[in-house]
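Peer 1: Encoded as structure tokens, here's the structure I'll be asking about.
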Amino acid sequence: RAPMQTLEFFVSAPGKVILHGEHSVVHGQVALAVSLNLRTFLQLQSTSSGEVHINLPNIDTFLSWEITALQSLLAGCKDADLLKRLREFTRISEDSTDTRSMAVLAFLYMYLSVFAESLASITVSVWSELPTGAGLGSSAAYNVCLSAALLSARGNISNPLTPQQESARWSKEEMELINRWAFMGEKIIHGNPSGVDNAVGTWGGFLRYHAGNISPLSWVPVLRILLTNTKVPRSTKVLVSGVKDKINKFPSVLKPVLESVSAVSCVCEQTLTEMAERGPSAEHYNILEELIDINQHHLNVMGVGHSSLDTLCRVTLARGLHSKLTGAGGGGCGITLLRPETDTSVIQSTVEELKACGFDCWETSIGAPGVQQHSSAALSQHILKILSSY
């Protein structure tokens with residue numbers, strides 16, 4: 001394939017939330033993951049500087065390397081050695097989990113692998129609406145954007161955007177390739193990821209995940225939500241092992257709970273499919289709200305609740321809204337379903353009260369499109385300004 005012709009292009013990918021099935025999915029049950037309409041944006045420009053630049057303003061990282069220095073890393077290098085060489089080159093140790101270091105390592109690995117035959121001078125700038133480390137798939141959205149941009153720039157996949165369009169998506173085969181490369185980036189950052197986050201970032205919409213199999217649900221409705229970040233830090237690892245200990249201690253009590261969570265995922269999937277086919281009704285929203293409440297109680301039973309999440313549920317329920325944690329629990333983030341008829345003043349007062357509790361809170365939606373290429377006209381001035389100021 002011909003090397004780079006495009007001088008500049010933009011891509012974006014969504015974050016993700018787990019709608020139902022967190023924790024039980026680790027034990028072979030069904031989970032539903034869904035794209036979050038908070039996006040990561042990437043601008044790639046080809047330059048003639050003889051250098052590769054990466055700008056990551058969210059994590060205050062601005063780095064560049066001479067192409068000749070990077071070229072020497074590839075000399076006689078087998079695939080398996082590249083990561084090892086990159087760690088030595090960047091002085092990032094094996095056991096480092098530092099966000100900046102991991103983002104840089106994933107970028108260099110993908111860039112050198114995709115452009116191995118002839119390294120090109122490029123500047124890549126990435127900015128995200130997603131908070132990092134909140135369990136919202138920020139690293140996957142980053143890896144999906146990198147993968148799509150680098151593969152397009154190298155000519156391994158097309159540039160789907162025509163001059164008349166503001167945004168466009170790739171073909172199914174190309175999306176599968178984007179997803180595979182993004183998964184490699186996720187492995188560098190997380191070691192042993194499930195592949196759910198990058199799949200959601202690539203395909204968008206709702207995905208069903210069961211025992212390692214990921215299948216997108218076709219034709220699902222976009223749902224409005226409030227997303228709340230309690231900003232309470234937690235360790236996914238500690239929470240996952242806590243649930244495992246509980247299951248080992250009380251198998252006859254906890255196994256039915258996990259099966260019940262799986263059933264919640266399946267009923268939710270059925271309901272969403274019906275909403276897409278027949279149009280959403282008030283009854284559909286009632287079912288979705290009840291499922292949210294049931295699942296939140298289950299997660300508390302598993303021991304992954306937290307007083308900050310109880311506060312979220314209490315504040316929203318006082319206004320007739322239903323919330324649950326999303327992700328690992330123990331703090332972190334929660335989602336609140338909004339009905340089509342929910343009054344703006346109700347939403348506003350809820351957001352204000354949650355902010356008064358010290359939380360971050362946004363109105364957004366779930367079921368957003370996956371990775372896309374954009375014209376500069378499609379992006380807000382705000383985003384363009386951030387991306388092009390480096």
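Just remember, in the structure tokens the first chain shown is A, the second B, etc., residues are 1-based per chain, and ligands are 1-based in the order shown.
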Taking a cut-off of 10 Å and counting only C-alpha atoms, can you build a table that, for each residue of stretch 279-330 of chain A near stretch 14-29 of chain A, reports the nearest atom pair and how far apart they are in Å (one decimal), sorted by chain then residue number, as a Markdown table?
Peer 2:
| residue | atom | partner | partner_atom | distance |
| --- | --- | --- | --- | --- |
| A:Leu291 | CA | A:His20 | CA | 8.8 |
| A:Ile292 | CA | A:His20 | CA | 8.0 |
| A:Asn295 | CA | A:His20 | CA | 7.1 |
| A:Gln296 | CA | A:His20 | CA | 9.3 |
| A:Leu299 | CA | A:His23 | CA | 8.3 |
| A:Met302 | CA | A:His23 | CA | 8.6 |
| A:Val304 | CA | A:His23 | CA | 9.0 |
| A:Lys324 | CA | A:Leu19 | CA | 8.7 |
| A:Leu325 | CA | A:Ile18 | CA | 8.9 |
| A:Thr326 | CA | A:Ile18 | CA | 5.4 |
| A:Gly327 | CA | A:Ile18 | CA | 5.9 |
| A:Ala328 | CA | A:Glu22 | CA | 6.8 |
| A:Gly329 | CA | A:Glu22 | CA | 8.8 |
Peer 1: Can I get the selection written as a PDB file, in the first residue's frame, with all heavy atoms?
Peer 2:
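Here's the written file out_34.pdb:
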ATOM      1  N   LEU A 291     -35.022  -2.953  36.657  1.00  0.00           N
ATOM      2  CA  LEU A 291     -33.807  -3.767  36.498  1.00  0.00           C
ATOM      3  C   LEU A 291     -32.591  -3.061  37.100  1.00  0.00           C
ATOM      4  O   LEU A 291     -31.730  -3.686  37.714  1.00  0.00           O
ATOM      5  CB  LEU A 291     -33.553  -4.076  35.017  1.00  0.00           C
ATOM      6  CG  LEU A 291     -34.570  -4.995  34.328  1.00  0.00           C
ATOM      7  CD1 LEU A 291     -34.263  -5.095  32.833  1.00  0.00           C
ATOM      8  CD2 LEU A 291     -34.598  -6.393  34.954  1.00  0.00           C
ATOM      9  N   ILE A 292     -32.538  -1.741  36.933  1.00  0.00           N
ATOM     10  CA  ILE A 292     -31.443  -0.954  37.524  1.00  0.00           C
ATOM     11  C   ILE A 292     -31.450  -1.108  39.046  1.00  0.00           C
ATOM     12  O   ILE A 292     -30.415  -1.353  39.665  1.00  0.00           O
ATOM     13  CB  ILE A 292     -31.558   0.534  37.094  1.00  0.00           C
ATOM     14  CG1 ILE A 292     -31.079   0.683  35.644  1.00  0.00           C
ATOM     15  CG2 ILE A 292     -30.766   1.456  38.032  1.00  0.00           C
ATOM     16  CD1 ILE A 292     -31.301   2.072  35.044  1.00  0.00           C
ATOM     17  N   ASN A 295     -30.414  -4.707  40.104  1.00  0.00           N
ATOM     18  CA  ASN A 295     -28.977  -4.947  39.932  1.00  0.00           C
ATOM     19  C   ASN A 295     -28.155  -4.211  40.985  1.00  0.00           C
ATOM     20  O   ASN A 295     -27.176  -4.745  41.514  1.00  0.00           O
ATOM     21  CB  ASN A 295     -28.541  -4.546  38.521  1.00  0.00           C
ATOM     22  CG  ASN A 295     -27.195  -5.148  38.151  1.00  0.00           C
ATOM     23  OD1 ASN A 295     -26.529  -5.790  38.964  1.00  0.00           O
ATOM     24  ND2 ASN A 295     -26.778  -4.930  36.926  1.00  0.00           N
ATOM     25  N   GLN A 296     -28.568  -2.984  41.314  1.00  0.00           N
ATOM     26  CA  GLN A 296     -27.836  -2.224  42.332  1.00  0.00           C
ATOM     27  C   GLN A 296     -27.876  -2.956  43.682  1.00  0.00           C
ATOM     28  O   GLN A 296     -26.872  -3.040  44.387  1.00  0.00           O
ATOM     29  CB  GLN A 296     -28.409  -0.807  42.462  1.00  0.00           C
ATOM     30  CG  GLN A 296     -27.742   0.064  43.514  1.00  0.00           C
ATOM     31  CD  GLN A 296     -26.247   0.291  43.269  1.00  0.00           C
ATOM     32  OE1 GLN A 296     -25.720   0.081  42.183  1.00  0.00           O
ATOM     33  NE2 GLN A 296     -25.534   0.711  44.305  1.00  0.00           N
ATOM     34  N   LEU A 299     -25.474  -5.855  43.575  1.00  0.00           N
ATOM     35  CA  LEU A 299     -24.068  -5.422  43.689  1.00  0.00           C
ATOM     36  C   LEU A 299     -23.724  -5.099  45.143  1.00  0.00           C
ATOM     37  O   LEU A 299     -22.613  -5.377  45.612  1.00  0.00           O
ATOM     38  CB  LEU A 299     -23.802  -4.237  42.756  1.00  0.00           C
ATOM     39  CG  LEU A 299     -23.786  -4.631  41.263  1.00  0.00           C
ATOM     40  CD1 LEU A 299     -24.064  -3.428  40.372  1.00  0.00           C
ATOM     41  CD2 LEU A 299     -22.450  -5.267  40.868  1.00  0.00           C
ATOM     42  N   MET A 302     -23.063  -8.291  46.844  1.00  0.00           N
ATOM     43  CA  MET A 302     -21.709  -8.792  46.511  1.00  0.00           C
ATOM     44  C   MET A 302     -20.610  -8.053  47.272  1.00  0.00           C
ATOM     45  O   MET A 302     -19.444  -8.444  47.213  1.00  0.00           O
ATOM     46  CB  MET A 302     -21.437  -8.631  45.014  1.00  0.00           C
ATOM     47  CG  MET A 302     -22.197  -9.566  44.130  1.00  0.00           C
ATOM     48  SD  MET A 302     -21.687  -9.209  42.420  1.00  0.00           S
ATOM     49  CE  MET A 302     -23.190  -9.560  41.557  1.00  0.00           C
ATOM     50  N   VAL A 304     -19.755  -4.715  46.771  1.00  0.00           N
ATOM     51  CA  VAL A 304     -19.017  -3.703  45.998  1.00  0.00           C
ATOM     52  C   VAL A 304     -19.721  -2.347  46.003  1.00  0.00           C
ATOM     53  O   VAL A 304     -19.403  -1.461  45.220  1.00  0.00           O
ATOM     54  CB  VAL A 304     -18.748  -4.175  44.543  1.00  0.00           C
ATOM     55  CG1 VAL A 304     -17.851  -5.399  44.547  1.00  0.00           C
ATOM     56  CG2 VAL A 304     -20.044  -4.461  43.790  1.00  0.00           C
ATOM     57  N   LYS A 324     -27.575   3.159  39.336  1.00  0.00           N
ATOM     58  CA  LYS A 324     -26.758   2.028  39.788  1.00  0.00           C
ATOM     59  C   LYS A 324     -25.293   2.367  39.540  1.00  0.00           C
ATOM     60  O   LYS A 324     -24.980   3.238  38.742  1.00  0.00           O
ATOM     61  CB  LYS A 324     -27.129   0.738  39.057  1.00  0.00           C
ATOM     62  CG  LYS A 324     -26.787   0.723  37.572  1.00  0.00           C
ATOM     63  CD  LYS A 324     -27.094  -0.608  36.894  1.00  0.00           C
ATOM     64  CE  LYS A 324     -26.025  -1.650  37.121  1.00  0.00           C
ATOM     65  NZ  LYS A 324     -24.750  -1.376  36.432  1.00  0.00           N
ATOM     66  N   LEU A 325     -24.428   1.635  40.244  1.00  0.00           N
ATOM     67  CA  LEU A 325     -23.000   1.806  39.969  1.00  0.00           C
ATOM     68  C   LEU A 325     -22.699   1.226  38.586  1.00  0.00           C
ATOM     69  O   LEU A 325     -23.468   0.414  38.052  1.00  0.00           O
ATOM     70  CB  LEU A 325     -22.165   1.121  41.051  1.00  0.00           C
ATOM     71  CG  LEU A 325     -22.164  -0.401  41.167  1.00  0.00           C
ATOM     72  CD1 LEU A 325     -21.141  -1.057  40.247  1.00  0.00           C
ATOM     73  CD2 LEU A 325     -21.845  -0.818  42.590  1.00  0.00           C
ATOM     74  N   THR A 326     -21.618   1.644  37.980  1.00  0.00           N
ATOM     75  CA  THR A 326     -21.171   1.027  36.729  1.00  0.00           C
ATOM     76  C   THR A 326     -19.685   0.766  36.850  1.00  0.00           C
ATOM     77  O   THR A 326     -18.945   1.624  37.337  1.00  0.00           O
ATOM     78  CB  THR A 326     -21.502   1.890  35.493  1.00  0.00           C
ATOM     79  OG1 THR A 326     -21.028   1.203  34.322  1.00  0.00           O
ATOM     80  CG2 THR A 326     -20.844   3.268  35.547  1.00  0.00           C
ATOM     81  N   GLY A 327     -19.254  -0.429  36.470  1.00  0.00           N
ATOM     82  CA  GLY A 327     -17.837  -0.767  36.602  1.00  0.00           C
ATOM     83  C   GLY A 327     -17.591  -1.554  37.876  1.00  0.00           C
ATOM     84  O   GLY A 327     -18.431  -2.330  38.309  1.00  0.00           O
ATOM     85  N   ALA A 328     -16.440  -1.295  38.494  1.00  0.00           N
ATOM     86  CA  ALA A 328     -16.014  -2.145  39.616  1.00  0.00           C
ATOM     87  C   ALA A 328     -16.758  -1.856  40.913  1.00  0.00           C
ATOM     88  O   ALA A 328     -16.836  -2.701  41.802  1.00  0.00           O
ATOM     89  CB  ALA A 328     -14.512  -1.966  39.827  1.00  0.00           C
ATOM     90  N   GLY A 329     -17.317  -0.632  41.062  1.00  0.00           N
ATOM     91  CA  GLY A 329     -17.988  -0.282  42.316  1.00  0.00           C
ATOM     92  C   GLY A 329     -17.006   0.259  43.343  1.00  0.00           C
ATOM     93  O   GLY A 329     -15.918   0.707  43.004  1.00  0.00           O
TER      94      GLY A 329
END
Peer 1: Taking the chain letters and numbering used in this document, name the residues of stretch 84-281 of chain A that DSSP puts in strand (DSSP E), as a list in words.
Peer 2: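 Checking each residue of stretch 84-281 of chain A, the strand (DSSP E) ones are Ile122, Thr123, Val124, Ser125, Val126, Trp127, Ser128, Ser167, Ala168, Phe206, Leu207, Arg208, Tyr209, His210, Asn213, Ile214, Ser215, Pro216, Leu223, Arg224, Ile225, Leu226, Leu227, Thr228 and Asn229 of chain A.
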Peer 1: At what distance in Å, to one decimal, does atom CA of A:Gly332 lie from atom CA of A:Phe206?
Peer 2: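 Atom-to-atom, atom CA of A:Phe206 to atom CA of A:Gly332, that is 21.2 Å.
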Peer 1: In terms of the shortest atom-to-atom distance over only C-alpha atoms, which of A:Ala368, A:Ala33, A:Val11, A:Ile225 is closest to A:His322?
Peer 2: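 Going through A:Ala368, A:Ala33, A:Val11, A:Ile225 one by one, the smallest distance to A:His322 is for A:Ile225.
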Peer 1: Could you give me, as a list in words, the residues within 10 Å of A:Ser194, counting only C-alpha atoms and dropping anything in the same chain fewer than 4 positions from it?
Peer 2: Val26, Phe183, Glu186, Lys187, His190, Asn198, Ala199, Tyr209, Ala211, Gly212, Asn213 and Ile214 of chain A
Peer 1: Report as a compact mmCIF listing (two decimals) with C-alpha atoms, in the first residue's frame: the residues of stretch 104-330 of chain A with a DSSP assignment of helix (DSSP H, G or I), based on the backbone of this structure.
Peer 2:
# COMPACT_ATOMS: atom_id res chain seq x y z
CA VAL A 104 3.31 6.45 25.41
CA LEU A 105 4.29 2.78 25.22
CA ALA A 106 1.03 1.82 23.47
CA PHE A 107 1.47 4.66 20.97
CA LEU A 108 5.07 3.83 20.10
CA TYR A 109 4.34 0.12 19.81
CA MET A 110 1.42 0.70 17.43
CA TYR A 111 3.23 3.34 15.41
CA LEU A 112 6.35 1.20 14.90
CA SER A 113 4.33 -1.94 14.12
CA VAL A 114 2.02 -0.23 11.59
CA SER A 138 -10.71 6.05 28.39
CA SER A 139 -7.68 3.92 27.49
CA ALA A 140 -9.72 1.85 25.02
CA ALA A 141 -11.11 4.96 23.31
CA TYR A 142 -7.49 6.19 23.03
CA ASN A 143 -6.29 2.89 21.57
CA VAL A 144 -9.20 2.70 19.11
CA CYS A 145 -8.48 6.25 17.88
CA LEU A 146 -4.75 5.50 17.53
CA SER A 147 -5.43 2.26 15.71
CA ALA A 148 -7.90 3.82 13.22
CA ALA A 149 -5.69 6.86 12.57
CA LEU A 150 -2.42 4.98 12.11
CA LEU A 151 -3.94 2.25 9.92
CA SER A 152 -5.65 4.90 7.74
CA ALA A 153 -2.50 7.01 7.49
CA ARG A 154 -0.50 3.95 6.45
CA LYS A 172 -17.00 -4.27 8.84
CA GLU A 173 -13.66 -5.88 7.86
CA GLU A 174 -11.78 -2.63 8.47
CA MET A 175 -13.49 -2.20 11.85
CA GLU A 176 -12.37 -5.71 12.81
CA LEU A 177 -8.79 -4.75 11.98
CA ILE A 178 -9.08 -1.51 13.99
CA ASN A 179 -10.44 -3.53 16.92
CA ARG A 180 -7.60 -6.08 16.78
CA TRP A 181 -4.92 -3.39 16.87
CA ALA A 182 -6.74 -1.49 19.63
CA PHE A 183 -6.83 -4.72 21.67
CA MET A 184 -3.03 -4.94 21.35
CA GLY A 185 -2.78 -1.44 22.79
CA GLU A 186 -5.13 -2.44 25.62
CA LYS A 187 -2.92 -5.45 26.41
CA ILE A 188 0.11 -3.19 26.71
CA ILE A 189 -1.77 -0.91 29.11
CA HIS A 190 -3.77 -3.48 31.13
CA VAL A 196 -14.96 -5.50 25.87
CA ASP A 197 -13.80 -1.88 26.17
CA ASN A 198 -12.04 -1.72 22.79
CA ALA A 199 -14.98 -3.57 21.13
CA VAL A 200 -17.39 -0.93 22.45
CA GLY A 201 -15.03 1.86 21.33
CA THR A 202 -14.87 0.34 17.85
CA TRP A 203 -18.48 -0.71 17.22
CA THR A 236 -10.70 -3.04 40.62
CA LYS A 237 -8.35 -5.88 41.55
CA VAL A 238 -9.20 -5.66 45.27
CA LEU A 239 -12.95 -5.48 44.57
CA VAL A 240 -12.87 -8.45 42.16
CA SER A 241 -10.96 -10.61 44.64
CA GLY A 242 -13.36 -9.54 47.45
CA VAL A 243 -16.31 -10.87 45.42
CA LYS A 244 -14.41 -14.09 44.73
CA ASP A 245 -13.74 -14.58 48.47
CA LYS A 246 -17.44 -14.07 49.23
CA ILE A 247 -18.44 -16.64 46.60
CA ASN A 248 -15.98 -19.15 48.06
CA LYS A 249 -17.26 -18.49 51.58
CA PRO A 251 -21.33 -20.41 47.41
CA SER A 252 -24.96 -21.42 47.97
CA VAL A 253 -25.85 -17.76 48.71
CA LEU A 254 -23.77 -15.93 46.10
CA LYS A 255 -24.07 -18.20 43.05
CA PRO A 256 -27.82 -17.56 42.69
CA VAL A 257 -27.08 -13.82 42.97
CA LEU A 258 -24.66 -14.04 40.03
CA GLU A 259 -27.23 -15.99 38.01
CA SER A 260 -29.85 -13.40 38.84
CA VAL A 261 -27.57 -10.59 37.60
CA SER A 262 -27.11 -12.56 34.38
CA ALA A 263 -30.90 -12.82 34.07
CA VAL A 264 -31.15 -9.03 34.56
CA SER A 265 -28.76 -8.59 31.60
CA CYS A 266 -30.87 -10.92 29.45
CA VAL A 267 -34.20 -9.26 30.32
CA CYS A 268 -32.62 -5.85 29.66
CA GLU A 269 -31.34 -7.04 26.28
CA GLN A 270 -34.84 -8.31 25.39
CA THR A 271 -36.39 -4.99 26.45
CA LEU A 272 -33.90 -2.91 24.43
CA THR A 273 -34.53 -5.07 21.36
CA GLU A 274 -38.29 -4.55 21.74
CA MET A 275 -37.80 -0.79 22.15
CA ALA A 276 -35.79 -0.71 18.94
CA GLU A 277 -38.35 -2.76 17.00
CA ARG A 278 -41.61 -1.23 18.27
CA ALA A 282 -43.54 4.04 29.23
CA GLU A 283 -43.71 0.36 30.21
CA HIS A 284 -40.28 -0.29 28.66
CA TYR A 285 -38.80 2.51 30.78
CA ASN A 286 -40.51 1.08 33.90
CA ILE A 287 -38.82 -2.27 33.24
CA LEU A 288 -35.41 -0.68 32.67
CA GLU A 289 -35.76 1.27 35.95
CA GLU A 290 -36.74 -1.82 37.94
CA LEU A 291 -33.81 -3.77 36.50
CA ILE A 292 -31.44 -0.95 37.52
CA ASP A 293 -32.75 -1.11 41.11
CA ILE A 294 -32.54 -4.92 41.27
CA ASN A 295 -28.98 -4.95 39.93
CA GLN A 296 -27.84 -2.22 42.33
CA HIS A 297 -29.14 -4.30 45.28
CA HIS A 298 -27.32 -7.37 43.92
CA LEU A 299 -24.07 -5.42 43.69
CA ASN A 300 -24.49 -4.32 47.31
CA VAL A 301 -25.00 -7.97 48.28
CA SER A 307 -21.69 5.09 50.84
CA SER A 308 -21.02 7.55 47.94
CA LEU A 309 -23.08 5.31 45.62
CA ASP A 310 -25.84 5.05 48.24
CA THR A 311 -25.93 8.86 48.26
CA LEU A 312 -26.25 8.90 44.45
CA CYS A 313 -29.17 6.43 44.58
CA ARG A 314 -30.88 8.35 47.39
CA VAL A 315 -30.56 11.79 45.74
CA THR A 316 -31.84 10.55 42.37
CA LEU A 317 -34.64 8.39 43.79
Peer 1: Per residue of stretch 168-270 of chain A within 9 Å of stretch 339-350 of chain A, what are the shortest atom pair and its distance in Å to one decimal, counting only C-alpha atoms, with rows by chain and residue number, as JSON lines?
Peer 2:
{"residue": "A:Leu223", "atom": "CA", "partner": "A:Arg339", "partner_atom": "CA", "distance": 8.2}
{"residue": "A:Arg224", "atom": "CA", "partner": "A:Arg339", "partner_atom": "CA", "distance": 7.2}
{"residue": "A:Ile225", "atom": "CA", "partner": "A:Arg339", "partner_atom": "CA", "distance": 8.5}
{"residue": "A:Leu226", "atom": "CA", "partner": "A:Ile347", "partner_atom": "CA", "distance": 8.3}
Peer 1: Emit the selected residues as a compact mmCIF listing (two decimals), in the first residue's frame, including N, CA and C atoms.
Peer 2:
# COMPACT_ATOMS: atom_id res chain seq x y z
N LEU A 223 -30.22 6.00 24.77
CA LEU A 223 -30.89 6.35 26.02
C LEU A 223 -30.18 7.52 26.69
N ARG A 224 -30.94 8.45 27.23
CA ARG A 224 -30.34 9.57 27.96
C ARG A 224 -30.04 9.14 29.39
N ILE A 225 -28.89 9.56 29.88
CA ILE A 225 -28.51 9.23 31.27
C ILE A 225 -27.84 10.43 31.93
N LEU A 226 -27.76 10.35 33.25
CA LEU A 226 -26.80 11.18 33.99
C LEU A 226 -25.65 10.25 34.32
Peer 1: For each of A:Asn37, A:Thr61, A:Ser380, A:Ser121, take the minimum atom-to-atom distance to A:Ser101, counting only C-alpha atoms, then give the residue where this is smallest.
Peer 2: A:Thr61
Peer 1: For A:Ser125, which residue out of A:Thr228, A:Ser46, A:Ser323, A:Gln372 is the nearest one, using only C-alpha atoms?
Peer 2: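 Of the candidates, the smallest distance to A:Ser125 is held by A:Ser46.
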Peer 1: Quick one: distance from atom CA of A:Leu207 to atom CA of A:Val30 in Å, one decimal?
Peer 2: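 Value for the atom CA of A:Leu207-atom CA of A:Val30 distance: 10.4 Å.
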Peer 1: Choose the residue, out of A:Gly204, A:Ala116, A:Ser388, A:Leu227, that has the smallest atom-to-atom separation from A:Val351; count only C-alpha atoms.
Peer 2: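 Of A:Gly204, A:Ala116, A:Ser388, A:Leu227, the one nearest A:Val351, counting only C-alpha atoms, is A:Leu227.
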Peer 1: One decimal, Å: what's the distance from atom CA of A:Lys231 over to atom CA of A:Gly331, could you say?
Peer 2: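 For atom CA of A:Lys231 relative to atom CA of A:Gly331, the distance reads 7.1 Å.
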Peer 1: Would you please work out which residue, of A:Ser218, A:Thr47, A:Thr68, A:Gln373, is nearest to A:Gln165 when using only C-alpha atoms?
Peer 2: A:Gln373
Peer 1: Residues at most 6 Å from A:Asn229, counting only C-alpha atoms, excluding those fewer than 6 positions away in the same chain, as a count of residues only?
Peer 2: 4
